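Listing of protein_33.csv; format and content: CSV, C-alpha atoms.
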chain,number,residue,atom,x,y,z
I,1,ASN,CA,22.2,115.2,96.0
I,2,ALA,CA,24.3,112.6,97.7
I,3,ALA,CA,25.2,114.9,100.5
I,4,GLN,CA,21.5,115.8,101.0
I,5,LEU,CA,20.6,112.1,101.0
I,6,ALA,CA,23.0,111.7,104.0
I,7,LEU,CA,21.4,114.7,105.7
I,8,PHE,CA,18.0,113.1,105.4
I,9,ASP,CA,19.3,109.7,106.6
I,10,ILE,CA,21.6,110.5,109.4
I,11,ALA,CA,22.0,114.2,110.3
I,12,PRO,CA,20.5,115.7,113.5
I,13,ASP,CA,18.3,118.8,112.9
I,14,HIS,CA,21.1,121.3,113.9
I,15,VAL,CA,23.4,120.3,111.1
I,16,THR,CA,23.2,122.7,108.1
I,17,LEU,CA,24.8,122.2,104.7
I,18,MET,CA,25.9,125.3,102.9
I,19,PRO,CA,26.8,124.5,99.3
I,20,ARG,CA,29.1,126.8,97.4
I,21,ASP,CA,30.5,126.6,93.8
I,22,THR,CA,34.3,126.7,93.6
I,23,GLN,CA,34.1,127.4,89.8
I,24,GLY,CA,36.6,124.5,89.5
I,25,THR,CA,39.6,126.8,90.2
I,26,SER,CA,41.9,127.5,93.1
I,27,ALA,CA,40.9,131.1,93.4
I,28,GLY,CA,37.2,130.1,93.2
I,29,ALA,CA,37.7,127.5,95.9
I,30,GLN,CA,39.5,130.0,98.1
I,31,LYS,CA,36.7,132.6,97.7
I,32,ALA,CA,34.0,130.0,98.4
I,33,ALA,CA,35.8,128.8,101.6
I,34,GLU,CA,36.2,132.4,102.8
I,35,GLU,CA,32.4,132.9,102.3
I,36,VAL,CA,31.3,129.9,104.3
I,37,LEU,CA,33.8,130.4,107.0
I,38,GLY,CA,32.5,133.9,107.4
I,39,GLU,CA,29.1,132.5,107.8
I,40,GLY,CA,30.2,130.2,110.6
I,41,ALA,CA,31.1,126.9,108.9
I,42,GLU,CA,32.8,124.5,111.3
I,43,ILE,CA,34.2,122.1,108.7
I,44,ILE,CA,34.5,122.1,104.9
I,45,LEU,CA,33.6,119.1,102.6
I,46,GLY,CA,35.3,119.1,99.2
I,47,PRO,CA,36.5,120.4,96.9
I,48,VAL,CA,37.1,117.6,94.3
I,49,PHE,CA,40.3,118.5,92.5
I,50,SER,CA,43.7,119.1,94.1
I,51,HIS,CA,44.2,122.7,92.9
I,52,ALA,CA,40.9,123.7,94.4
I,53,VAL,CA,41.7,121.9,97.6
I,54,ARG,CA,44.9,124.0,97.9
I,55,GLY,CA,42.9,127.2,97.4
I,56,ALA,CA,40.3,126.3,100.0
I,57,ALA,CA,43.0,125.2,102.5
I,58,ILE,CA,44.4,128.8,102.7
I,59,PRO,CA,41.6,130.4,104.6
I,60,ALA,CA,40.6,127.2,106.4
I,61,ARG,CA,44.1,126.8,107.9
I,62,ASN,CA,44.1,130.5,108.9
I,63,ARG,CA,41.0,129.8,111.0
I,64,GLU,CA,42.1,126.3,112.1
I,65,ILE,CA,39.1,124.6,110.3
I,66,ASN,CA,39.6,121.1,108.9
I,67,ILE,CA,38.7,120.0,105.3
I,68,VAL,CA,37.4,116.6,104.2
I,69,ALA,CA,38.2,116.8,100.5
I,70,PHE,CA,37.3,114.4,97.6
I,71,SER,CA,40.7,114.6,95.8
I,72,THR,CA,43.0,111.5,95.4
I,73,ASP,CA,46.1,113.6,95.1
I,74,THR,CA,48.1,112.7,98.3
I,75,ALA,CA,50.3,115.8,97.9
I,76,VAL,CA,47.5,118.0,99.3
I,77,ALA,CA,46.8,115.8,102.3
I,78,GLY,CA,47.8,116.7,105.9
I,79,ASN,CA,47.9,119.9,107.9
I,80,GLY,CA,44.1,120.0,108.3
I,81,VAL,CA,43.2,118.4,105.0
I,82,TYR,CA,41.8,114.9,105.0
I,83,LEU,CA,41.2,113.0,101.7
I,84,MET,CA,38.0,110.9,101.3
I,85,GLY,CA,39.1,109.9,97.8
I,86,PHE,CA,40.4,106.4,97.0
I,87,THR,CA,44.1,107.0,96.7
I,88,SER,CA,46.1,105.1,94.1
I,89,ARG,CA,48.6,104.2,96.8
I,90,ARG,CA,46.1,102.1,98.8
I,91,GLN,CA,44.7,100.5,95.7
I,92,VAL,CA,48.1,99.5,94.4
I,93,GLU,CA,49.2,98.1,97.8
I,94,ARG,CA,46.0,96.0,98.1
I,95,VAL,CA,46.1,94.5,94.6
I,96,VAL,CA,49.8,93.8,94.6
I,97,ALA,CA,49.6,92.0,97.9
I,98,PHE,CA,46.7,89.9,96.5
I,99,ALA,CA,48.6,89.2,93.3
I,100,ARG,CA,51.7,88.2,95.3
I,101,GLU,CA,49.5,85.8,97.4
I,102,GLN,CA,48.4,84.2,94.1
I,103,GLY,CA,52.0,83.5,93.1
I,104,HIS,CA,52.9,86.5,90.9
I,105,TYR,CA,56.5,87.6,91.5
I,106,ARG,CA,57.6,89.7,88.5
I,107,PHE,CA,55.7,92.9,87.9
I,108,ALA,CA,55.6,95.4,85.0
I,109,ALA,CA,53.8,98.6,84.3
I,110,LEU,CA,52.4,100.3,81.2
I,111,ALA,CA,51.3,103.7,82.5
I,112,PRO,CA,50.3,107.1,81.1
I,113,ALA,CA,52.9,109.8,81.4
I,114,THR,CA,50.8,111.9,83.9
I,115,ASN,CA,51.0,112.8,87.5
I,116,TYR,CA,48.6,110.0,88.2
I,117,GLY,CA,50.8,107.6,86.3
I,118,ASP,CA,53.8,108.8,88.3
I,119,ASP,CA,51.9,108.1,91.6
I,120,VAL,CA,50.9,104.6,90.6
I,121,VAL,CA,54.4,103.7,89.3
I,122,ASN,CA,56.0,104.9,92.5
I,123,SER,CA,53.5,103.1,94.6
I,124,LEU,CA,53.9,100.0,92.5
I,125,GLY,CA,57.6,100.0,93.1
I,126,GLN,CA,57.2,100.3,96.8
I,127,ALA,CA,54.4,97.8,97.1
I,128,VAL,CA,56.3,95.2,95.0
I,129,SER,CA,59.4,95.6,97.2
I,130,GLU,CA,57.5,95.3,100.4
I,131,ASN,CA,55.9,92.1,99.2
I,132,GLY,CA,59.2,90.4,98.3
I,133,ALA,CA,58.6,90.7,94.5
I,134,GLU,CA,60.4,92.5,91.6
I,135,LEU,CA,59.4,95.4,89.3
I,136,VAL,CA,61.2,94.3,86.1
I,137,ARG,CA,59.9,96.7,83.5
I,138,VAL,CA,58.1,100.1,83.2
I,139,GLU,CA,56.9,101.8,80.0
I,140,ARG,CA,55.1,105.1,79.8
I,141,TYR,CA,52.9,106.5,77.0
I,142,ASP,CA,51.5,109.9,76.2
I,143,PRO,CA,47.7,109.7,76.8
I,144,TYR,CA,47.1,112.5,74.4
I,145,GLU,CA,48.7,110.7,71.5
I,146,PRO,CA,46.5,108.5,69.3
I,147,GLU,CA,49.4,106.1,68.7
I,148,VAL,CA,50.7,104.3,71.8
I,149,VAL,CA,52.0,101.2,70.0
I,150,ASP,CA,55.7,101.7,70.7
I,151,PRO,CA,55.6,101.6,74.5
I,152,ALA,CA,53.4,98.4,74.4
I,153,ARG,CA,55.7,96.8,71.8
I,154,SER,CA,58.7,97.6,73.9
I,155,LEU,CA,57.1,96.3,77.1
I,156,ALA,CA,56.2,93.0,75.3
I,157,LEU,CA,59.9,92.6,74.2
I,158,TYR,CA,58.3,91.9,70.8
I,159,ASP,CA,61.2,92.7,68.5
I,160,SER,CA,63.7,90.6,70.5
I,161,ARG,CA,61.3,87.7,70.9
I,162,LYS,CA,60.4,87.8,67.1
I,163,ALA,CA,64.1,87.8,66.3
I,164,ALA,CA,64.7,84.9,68.6
I,165,LEU,CA,61.9,83.0,66.7
I,166,GLN,CA,63.5,83.7,63.3
I,167,ALA,CA,66.9,82.6,64.6
I,168,ARG,CA,65.5,79.4,66.0
I,169,ARG,CA,63.7,78.6,62.7
I,170,LEU,CA,67.0,79.0,60.9
I,171,GLU,CA,68.7,76.6,63.3
I,172,LEU,CA,66.0,74.0,62.9
I,173,GLU,CA,66.1,74.3,59.1
I,174,GLU,CA,69.9,73.8,59.1
I,175,ASP,CA,69.6,70.9,61.5
I,176,GLY,CA,67.1,69.0,59.3
I,177,SER,CA,66.6,66.1,61.7
I,178,GLU,CA,63.2,64.6,62.2
I,179,GLU,CA,62.9,66.2,65.7
I,180,ALA,CA,64.0,69.6,64.3
I,181,LEU,CA,61.5,69.5,61.5
I,182,ALA,CA,58.7,68.5,64.0
I,183,GLU,CA,59.7,71.5,66.2
I,184,LEU,CA,59.8,73.7,63.1
I,185,LYS,CA,56.3,72.7,62.2
I,186,SER,CA,55.1,73.5,65.7
I,187,LEU,CA,56.4,77.0,65.3
I,188,GLU,CA,54.5,77.6,62.0
I,189,ASN,CA,51.9,79.9,63.6
I,190,ALA,CA,54.1,81.4,66.3
I,191,GLU,CA,54.9,85.2,66.2
I,192,THR,CA,57.6,85.2,68.9
I,193,LEU,CA,59.7,82.8,70.9
I,194,GLY,CA,59.8,82.7,74.7
I,195,ASP,CA,57.7,84.5,77.3
I,196,VAL,CA,58.0,88.1,78.5
I,197,ASP,CA,59.9,88.6,81.7
I,198,PHE,CA,56.9,89.5,83.9
I,199,ASP,CA,53.9,87.7,85.1
I,200,ALA,CA,51.7,90.6,86.1
I,201,VAL,CA,51.3,94.0,84.5
I,202,MET,CA,49.7,97.2,86.0
I,203,ILE,CA,47.8,99.4,83.5
I,204,PRO,CA,46.6,102.5,85.5
I,205,ASP,CA,44.2,104.0,83.0
I,206,GLY,CA,40.5,104.0,82.4
I,207,GLY,CA,37.8,104.6,79.7
I,208,ALA,CA,39.0,105.0,76.1
I,209,GLY,CA,42.6,105.1,77.1
I,210,LEU,CA,42.5,101.7,78.8
I,211,ARG,CA,40.5,100.2,75.9
I,212,THR,CA,43.2,101.5,73.5
I,213,VAL,CA,46.2,100.3,75.5
I,214,ALA,CA,45.2,96.9,76.9
I,215,PRO,CA,44.6,95.1,73.6
I,216,LEU,CA,48.0,96.1,72.4
I,217,LEU,CA,49.7,93.6,74.7
I,218,PRO,CA,48.1,90.5,73.3
I,219,TYR,CA,48.5,92.0,69.9
I,220,TYR,CA,52.3,92.0,70.6
I,221,ASP,CA,52.0,88.4,71.7
I,222,VAL,CA,51.7,88.8,75.5
I,223,ASP,CA,49.9,85.6,76.6
I,224,THR,CA,47.0,86.8,78.8
I,225,SER,CA,46.7,83.3,80.2
I,226,ARG,CA,50.2,83.7,81.7
I,227,VAL,CA,50.3,87.4,82.5
I,228,GLN,CA,47.8,88.8,85.1
I,229,PHE,CA,46.5,92.3,84.2
I,230,LEU,CA,46.1,94.7,87.1
I,231,GLY,CA,44.4,98.0,87.4
I,232,THR,CA,43.3,100.8,89.8
I,233,GLY,CA,39.9,102.3,90.7
I,234,LEU,CA,39.8,103.7,87.1
I,235,TRP,CA,38.7,100.2,86.2
I,236,ASP,CA,35.5,100.5,88.2
I,237,ASP,CA,33.4,100.2,85.0
I,238,GLU,CA,30.8,97.5,84.4
I,239,THR,CA,31.4,97.5,80.7
I,240,LEU,CA,35.1,96.6,80.8
I,241,GLY,CA,34.4,93.0,80.0
I,242,ARG,CA,33.5,93.9,76.4
I,243,GLU,CA,37.3,94.2,75.9
I,244,PRO,CA,38.5,90.6,75.9
I,245,ALA,CA,42.1,91.5,77.0
I,246,LEU,CA,40.7,92.8,80.3
I,247,VAL,CA,38.6,89.8,81.2
I,248,GLY,CA,40.1,88.2,84.3
I,249,GLY,CA,41.9,91.4,85.3
I,250,TRP,CA,42.0,92.5,89.0
I,251,PHE,CA,41.8,95.8,90.7
I,252,ALA,CA,41.1,97.0,94.3
I,253,GLY,CA,38.1,99.0,95.2
I,254,PRO,CA,35.1,99.3,97.5
I,255,ASP,CA,33.1,96.1,98.0
I,256,PRO,CA,30.5,96.2,95.1
I,257,ASP,CA,27.8,94.7,97.3
I,258,THR,CA,28.2,97.5,99.8
I,259,SER,CA,28.3,100.4,97.3
I,260,ARG,CA,25.4,98.9,95.3
I,261,VAL,CA,23.0,99.5,98.2
I,262,PHE,CA,23.9,103.2,98.1
I,263,MET,CA,23.6,103.4,94.3
I,264,GLN,CA,20.2,101.8,94.4
I,265,ARG,CA,18.9,104.2,97.1
I,266,PHE,CA,20.3,107.2,95.3
I,267,GLU,CA,18.5,106.2,92.1
I,268,ALA,CA,15.3,105.6,93.9
I,269,ALA,CA,15.5,109.0,95.5
I,270,TYR,CA,16.5,111.1,92.5
I,271,GLY,CA,15.6,109.1,89.4
I,272,TYR,CA,19.0,108.8,87.9
I,273,ARG,CA,22.1,106.7,88.4
I,274,ALA,CA,24.7,108.5,90.6
I,275,PRO,CA,28.3,109.1,89.3
I,276,ARG,CA,30.6,106.8,91.1
I,277,ILE,CA,32.3,109.6,93.0
I,278,SER,CA,29.1,110.7,94.6
I,279,SER,CA,29.4,108.2,97.5
I,280,LEU,CA,32.3,110.2,98.8
I,281,ALA,CA,30.0,113.1,99.4
I,282,TYR,CA,27.5,110.9,101.1
I,283,ASP,CA,30.2,109.4,103.4
I,284,ALA,CA,31.7,112.8,104.2
I,285,THR,CA,28.3,114.2,105.2
I,286,ALA,CA,27.4,111.1,107.2
I,287,LEU,CA,30.8,111.4,109.0
I,288,VAL,CA,30.2,115.0,110.1
I,289,SER,CA,26.6,114.2,111.0
I,290,VAL,CA,27.8,111.4,113.3
I,291,LEU,CA,30.4,113.8,114.9
I,292,ALA,CA,27.6,116.4,115.5
I,293,MET,CA,25.4,113.9,117.4
I,294,ASN,CA,25.7,114.9,121.0
I,295,GLU,CA,23.5,116.5,123.6
I,296,SER,CA,25.3,119.8,123.7
I,297,LYS,CA,24.8,120.3,119.9
I,298,ARG,CA,28.4,121.3,119.8
I,299,ALA,CA,30.0,119.3,117.0
I,300,ASP,CA,33.6,118.1,117.5
I,301,PHE,CA,35.4,118.3,114.1
I,302,SER,CA,38.8,118.3,115.6
I,303,ALA,CA,41.8,116.2,114.3
I,304,ALA,CA,41.4,113.9,117.2
I,305,SER,CA,37.7,113.1,116.3
I,306,LEU,CA,38.4,112.8,112.6
I,307,THR,CA,41.3,110.3,113.2
I,308,ASP,CA,39.4,108.1,115.7
I,309,ARG,CA,41.0,104.7,115.3
I,310,ASP,CA,37.6,102.9,115.4
I,311,GLY,CA,36.8,104.5,112.1
I,312,PHE,CA,33.5,105.0,110.4
I,313,ALA,CA,31.1,103.0,108.3
I,314,GLY,CA,30.2,104.5,105.0
I,315,ALA,CA,28.5,103.8,101.7
I,316,ASP,CA,31.8,102.3,100.4
I,317,GLY,CA,32.5,100.3,103.6
I,318,LEU,CA,34.7,101.0,106.6
I,319,PHE,CA,37.2,103.8,106.6
I,320,ARG,CA,39.3,105.8,109.0
I,321,PHE,CA,41.6,108.8,108.6
I,322,ASN,CA,45.3,108.6,109.5
I,323,PRO,CA,47.1,111.6,111.0
I,324,ASP,CA,48.7,112.2,107.6
I,325,GLY,CA,45.3,113.0,106.2
I,326,LEU,CA,44.9,109.8,104.1
I,327,ALA,CA,42.0,107.5,104.4
I,328,GLU,CA,42.6,103.9,105.3
I,329,ARG,CA,39.9,101.6,103.8
I,330,GLY,CA,38.9,98.0,103.6
I,331,LEU,CA,39.2,97.3,99.9
I,332,ALA,CA,37.9,94.3,98.0
I,333,ILE,CA,39.6,92.6,95.1
I,334,ILE,CA,37.4,92.9,92.0
I,335,GLU,CA,37.7,90.8,88.9
I,336,VAL,CA,36.6,91.9,85.4
I,337,GLY,CA,34.1,89.4,84.0
I,338,SER,CA,32.7,89.2,80.5
I,339,ARG,CA,29.3,90.3,81.8
I,340,GLY,CA,30.3,92.7,84.6
I,341,LEU,CA,32.6,93.1,87.6
structure tokens encoding of this file:
Amino acid sequence: NAAQLALFDIAPDHVTLMPRDTQGTSAGAQKAAEEVLGEGAEIILGPVFSHAVRGAAIPARNREINIVAFSTDTAVAGNGVYLMGFTSRRQVERVVAFAREQGHYRFAALAPATNYGDDVVNSLGQAVSENGAELVRVERYDPYEPEVVDPARSLALYDSRKAALQARRLELEEDGSEEALAELKSLENAETLGDVDFDAVMIPDGGAGLRTVAPLLPYYDVDTSRVQFLGTGLWDDETLGREPALVGGWFAGPDPDTSRVFMQRFEAAYGYRAPRISSLAYDATALVSVLAMNESKRADFSAASLTDRDGFAGADGLFRFNPDGLAERGLAIIEVGSRGL
């Protein structure tokens, strides 16, 4: 539906969209690509997932046809495959640079033990180094396990900080002076002593996983007024503010004002709210429509055209493709509020 909306809005009459179902598999994507290429397709939009992109790329490369895919897996980019998706690398670079500008120097990560988590942690390490900061601590958790308390407890240095508090209380009790007793009284309601060794923490998760993990840090006495929570595009959820631990958190994503226009137009046209990813299909279709606008009616979908340094304007703002197949985008910094983003 998003692709068809772009056709109605922008495309010249000679542009034809030929939808095919990939069946969500590599083999299905390869077969679908072979079908449309046999019918004269000059460029392929999609698929969504990296394994399907790999399948579609086989016949596309054999015929020197480019693909504009919706995956965020940078491993499939290049050699004729261009990714429309918002890659974790760009999101991490943007939010780390912003956090550094706000005075945060020491970063940590509490990340799922997944390929996506690997990508974010690797990108975080590189971005932190490039911004003159330090990655001091990383803990991983199994997203399929209901109990993820141990990694959060470890990241929060809870046991050592609790032991430090107990030791300090003993010292003050033995001291017995007026000042010592006053300090002892001030520690009555404390759980731990001292701060954690980071002032910003990246949690690259979304949905139920994020809502499970994030509250564990304040539970283990991480002071959210001192530690800035950071996320990725998985945080693009208007309801996140219902979780108090996430209020005030930052992530990088498309400018909400720009994307809101597309979402409203989609809903007016089709009568339901579009999934967030649908704007990628709109932008990809708009992109090829622009490249097809010429008097000869011969579209130029070459690498040179796709990587035009002037870039393109889309539903999610400005973007351009680099020769490595990754999209460079203007990303906003978005803060989680108690009543929305």
Counting only C-alpha atoms, which residues of region 99-135 of chain I sit at most 10 Å from some atom of region 72-78 of chain I, and what is each one's closest atom pair with its distance in Å to one decimal, listed by chain and rising residue number, as a Markdown table?
| residue | atom | partner | partner_atom | distance |
| --- | --- | --- | --- | --- |
| I:Asn115 | CA | I:Asp73 | CA | 9.1 |
| I:Tyr116 | CA | I:Asp73 | CA | 8.2 |
| I:Asp119 | CA | I:Asp73 | CA | 8.7 |
Å distance separating CA of His14 (chain I) from CA of Val81 (chain I), one decimal place: 24.0 Å
Counting all atoms listed in the file, which residues of region 44-135 of chain I sit at most 9 Å from some atom of region 297-306 of chain I, and what is each one's closest atom pair with its distance in Å to one decimal, listed by chain and rising residue number, as a Markdown table?
| residue | atom | partner | partner_atom | distance |
| --- | --- | --- | --- | --- |
| I:Ile65 | CA | I:Phe301 | CA | 8.2 |
| I:Asn66 | CA | I:Phe301 | CA | 7.2 |
| I:Gly80 | CA | I:Ala303 | CA | 7.5 |
| I:Tyr82 | CA | I:Leu306 | CA | 8.6 |
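Excluding region 46-63 of chain I itself and any same-chain residue fewer than 6 positions from it, the protein and nucleic acid residues within 6 Å of it, counting all atoms listed in the file, are Thr25, Ser26, Ala27, Ala29, Gln30, Ala33, Ala69, Phe70 and Ser71 of chain I.
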All residues 10 Å or closer to Asn1 (chain I), only C-alpha atoms, same chain fewer than 4 positions away omitted, as a list in words: Leu5, Ala6, Leu7, Phe266, Ala269, Tyr270, Ala274, Ser278, Ala281 and Tyr282 of chain I
Please, could you write that set of residues out with C-alpha atoms as an mmCIF file, keeping the file's coordinate frame?
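For reference, selection.cif as written:
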data_model
loop_
_atom_site.group_PDB
_atom_site.id
_atom_site.type_symbol
_atom_site.label_atom_id
_atom_site.label_comp_id
_atom_site.auth_asym_id
_atom_site.auth_seq_id
_atom_site.Cartn_x
_atom_site.Cartn_y
_atom_site.Cartn_z
ATOM 1 C CA LEU I 5 20.600 112.100 101.000
ATOM 2 C CA ALA I 6 23.000 111.700 104.000
ATOM 3 C CA LEU I 7 21.400 114.700 105.700
ATOM 4 C CA PHE I 266 20.300 107.200 95.300
ATOM 5 C CA ALA I 269 15.500 109.000 95.500
ATOM 6 C CA TYR I 270 16.500 111.100 92.500
ATOM 7 C CA ALA I 274 24.700 108.500 90.600
ATOM 8 C CA SER I 278 29.100 110.700 94.600
ATOM 9 C CA ALA I 281 30.000 113.100 99.400
ATOM 10 C CA TYR I 282 27.500 110.900 101.100
#
Surrounding residues of Val201 (chain I) excluding itself and chain neighbours under 5 positions, 8 Å, all atoms listed in the file, as a PyMOL selection string: chain I and resi 107-110+227-230
Create the file for the chosen residues now, containing C-alpha atoms and written as a compact mmCIF listing (two decimals), in the coordinates of the input.
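New file again-v7.txt:
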# COMPACT_ATOMS: atom_id res chain seq x y z
CA PHE I 107 55.70 92.90 87.90
CA ALA I 108 55.60 95.40 85.00
CA ALA I 109 53.80 98.60 84.30
CA LEU I 110 52.40 100.30 81.20
CA VAL I 227 50.30 87.40 82.50
CA GLN I 228 47.80 88.80 85.10
CA PHE I 229 46.50 92.30 84.20
CA LEU I 230 46.10 94.70 87.10
Nearest to Ala3 (chain I), chosen from I:Ala313, I:Leu318, I:Leu17, I:Leu170, with only C-alpha atoms counted in the distances: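 Of I:Ala313, I:Leu318, I:Leu17, I:Leu170, the one nearest Ala3 (chain I) is I:Leu17, counting only C-alpha atoms.
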Atom pair CA of Leu124 (chain I) / CA of Val96 (chain I): separation (Å):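 CA of Val96 (chain I) lies 7.7 Å from CA of Leu124 (chain I).
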Residue with smallest distance to Asp9 (chain I) - pool I:Ala332, I:Val290, I:Leu280, I:Val128, counting all atoms listed in the file: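 Nearest to Asp9 (chain I): I:Val290.
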Radius query 12 Å about (54.3, 84.6, 83.0), atoms used: only C-alpha atoms, as a list in words: Gly103, His104, Tyr105, Arg106, Phe107, Ala108, Ala156, Gly194, Asp195, Val196, Asp197, Phe198, Asp199, Ala200, Val201, Val222, Asp223, Thr224, Ser225, Arg226, Val227, Gln228 and Phe229 of chain I
Distance query Ala163 (chain I) at most 10 Å, only C-alpha atoms, self and fewer than 4 positions along chain excluded, as a ChimeraX atom specification: /I:158-159,167-169,191-193
Trp250 (chain I) surroundings by all atoms listed in the file, 10 Å radius, close-in-sequence under 3 positions cut, as a count of residues only: 20
Take the point (51.3, 102.4, 80.9) in the file's coordinates, draw a sphere of radius 6 Å around it, and report as a CSV table (one decimal) with C-alpha atoms, keeping the file's coordinate frame every protein, DNA or RNA residue with an atom inside or on it, counting only C-alpha atoms.
chain,number,residue,atom,x,y,z
I,109,ALA,CA,53.8,98.6,84.3
I,110,LEU,CA,52.4,100.3,81.2
I,111,ALA,CA,51.3,103.7,82.5
I,112,PRO,CA,50.3,107.1,81.1
I,139,GLU,CA,56.9,101.8,80.0
I,140,ARG,CA,55.1,105.1,79.8
I,141,TYR,CA,52.9,106.5,77.0
I,203,ILE,CA,47.8,99.4,83.5
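Nearest to Leu331 (chain I) of all the residues I:Ala97, I:Ala245, I:Leu184, I:Ile67 is I:Ala97, counting all atoms listed in the file.
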Listed atoms of region 298-307 of chain I boxed along x, y and z, 3 Å each side, centre and edge lengths in Å, one decimal, as JSON:
{"center_x": 35.1, "center_y": 115.8, "center_z": 116.2, "size_x": 19.4, "size_y": 17.0, "size_z": 13.2}
Distance criterion (only C-alpha atoms): nearest to Ala133 (chain I) out of I:Val149, I:Glu101, I:Gly117, I:Glu173: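 Among the listed residues, the smallest separation from Ala133 (chain I) belongs to I:Glu101.
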Complete region 181-187 of chain I with all heavy atoms (output as a PDB file, in the frame of the given file).
ATOM      1  N   LEU I 181      62.567  69.156  62.457  1.00  0.00           N
ATOM      2  CA  LEU I 181      61.500  69.500  61.500  1.00  0.00           C
ATOM      3  C   LEU I 181      60.127  69.466  62.248  1.00  0.00           C
ATOM      4  O   LEU I 181      59.237  70.268  61.926  1.00  0.00           O
ATOM      5  CB  LEU I 181      61.472  68.478  60.374  1.00  0.00           C
ATOM      6  CG  LEU I 181      62.680  68.563  59.429  1.00  0.00           C
ATOM      7  CD1 LEU I 181      62.618  67.474  58.370  1.00  0.00           C
ATOM      8  CD2 LEU I 181      62.750  69.944  58.770  1.00  0.00           C
ATOM      9  N   ALA I 182      59.983  68.569  63.243  1.00  0.00           N
ATOM     10  CA  ALA I 182      58.700  68.500  64.000  1.00  0.00           C
ATOM     11  C   ALA I 182      58.593  69.813  64.836  1.00  0.00           C
ATOM     12  O   ALA I 182      57.500  70.394  64.927  1.00  0.00           O
ATOM     13  CB  ALA I 182      58.748  67.314  64.952  1.00  0.00           C
ATOM     14  N   GLU I 183      59.713  70.272  65.431  1.00  0.00           N
ATOM     15  CA  GLU I 183      59.700  71.500  66.200  1.00  0.00           C
ATOM     16  C   GLU I 183      59.391  72.704  65.268  1.00  0.00           C
ATOM     17  O   GLU I 183      58.641  73.627  65.615  1.00  0.00           O
ATOM     18  CB  GLU I 183      60.964  71.742  66.960  1.00  0.00           C
ATOM     19  CG  GLU I 183      60.933  72.996  67.834  1.00  0.00           C
ATOM     20  CD  GLU I 183      62.232  73.237  68.594  1.00  0.00           C
ATOM     21  OE1 GLU I 183      63.041  72.302  68.728  1.00  0.00           O
ATOM     22  OE2 GLU I 183      62.426  74.391  69.038  1.00  0.00           O
ATOM     23  N   LEU I 184      60.007  72.670  64.090  1.00  0.00           N
ATOM     24  CA  LEU I 184      59.800  73.700  63.100  1.00  0.00           C
ATOM     25  C   LEU I 184      58.341  73.827  62.724  1.00  0.00           C
ATOM     26  O   LEU I 184      57.780  74.925  62.608  1.00  0.00           O
ATOM     27  CB  LEU I 184      60.673  73.483  61.890  1.00  0.00           C
ATOM     28  CG  LEU I 184      60.705  74.586  60.828  1.00  0.00           C
ATOM     29  CD1 LEU I 184      61.305  75.862  61.401  1.00  0.00           C
ATOM     30  CD2 LEU I 184      61.503  74.114  59.619  1.00  0.00           C
ATOM     31  N   LYS I 185      57.699  72.689  62.539  1.00  0.00           N
ATOM     32  CA  LYS I 185      56.300  72.700  62.200  1.00  0.00           C
ATOM     33  C   LYS I 185      55.434  73.248  63.313  1.00  0.00           C
ATOM     34  O   LYS I 185      54.468  73.975  63.076  1.00  0.00           O
ATOM     35  CB  LYS I 185      55.830  71.247  61.865  1.00  0.00           C
ATOM     36  CG  LYS I 185      54.389  71.171  61.368  1.00  0.00           C
ATOM     37  CD  LYS I 185      54.048  69.793  60.865  1.00  0.00           C
ATOM     38  CE  LYS I 185      52.610  69.736  60.346  1.00  0.00           C
ATOM     39  NZ  LYS I 185      52.367  70.691  59.238  1.00  0.00           N
ATOM     40  N   SER I 186      55.837  72.944  64.577  1.00  0.00           N
ATOM     41  CA  SER I 186      55.100  73.500  65.700  1.00  0.00           C
ATOM     42  C   SER I 186      55.166  74.971  65.850  1.00  0.00           C
ATOM     43  O   SER I 186      54.343  75.604  66.501  1.00  0.00           O
ATOM     44  CB  SER I 186      55.574  72.802  67.008  1.00  0.00           C
ATOM     45  OG  SER I 186      56.865  73.284  67.365  1.00  0.00           O
ATOM     46  N   LEU I 187      56.195  75.552  65.215  1.00  0.00           N
ATOM     47  CA  LEU I 187      56.400  77.000  65.300  1.00  0.00           C
ATOM     48  C   LEU I 187      55.799  77.745  64.090  1.00  0.00           C
ATOM     49  O   LEU I 187      55.977  78.954  63.961  1.00  0.00           O
ATOM     50  CB  LEU I 187      57.893  77.322  65.368  1.00  0.00           C
ATOM     51  CG  LEU I 187      58.623  76.841  66.628  1.00  0.00           C
ATOM     52  CD1 LEU I 187      60.120  77.125  66.508  1.00  0.00           C
ATOM     53  CD2 LEU I 187      58.059  77.507  67.876  1.00  0.00           C
TER      54      LEU I 187
END
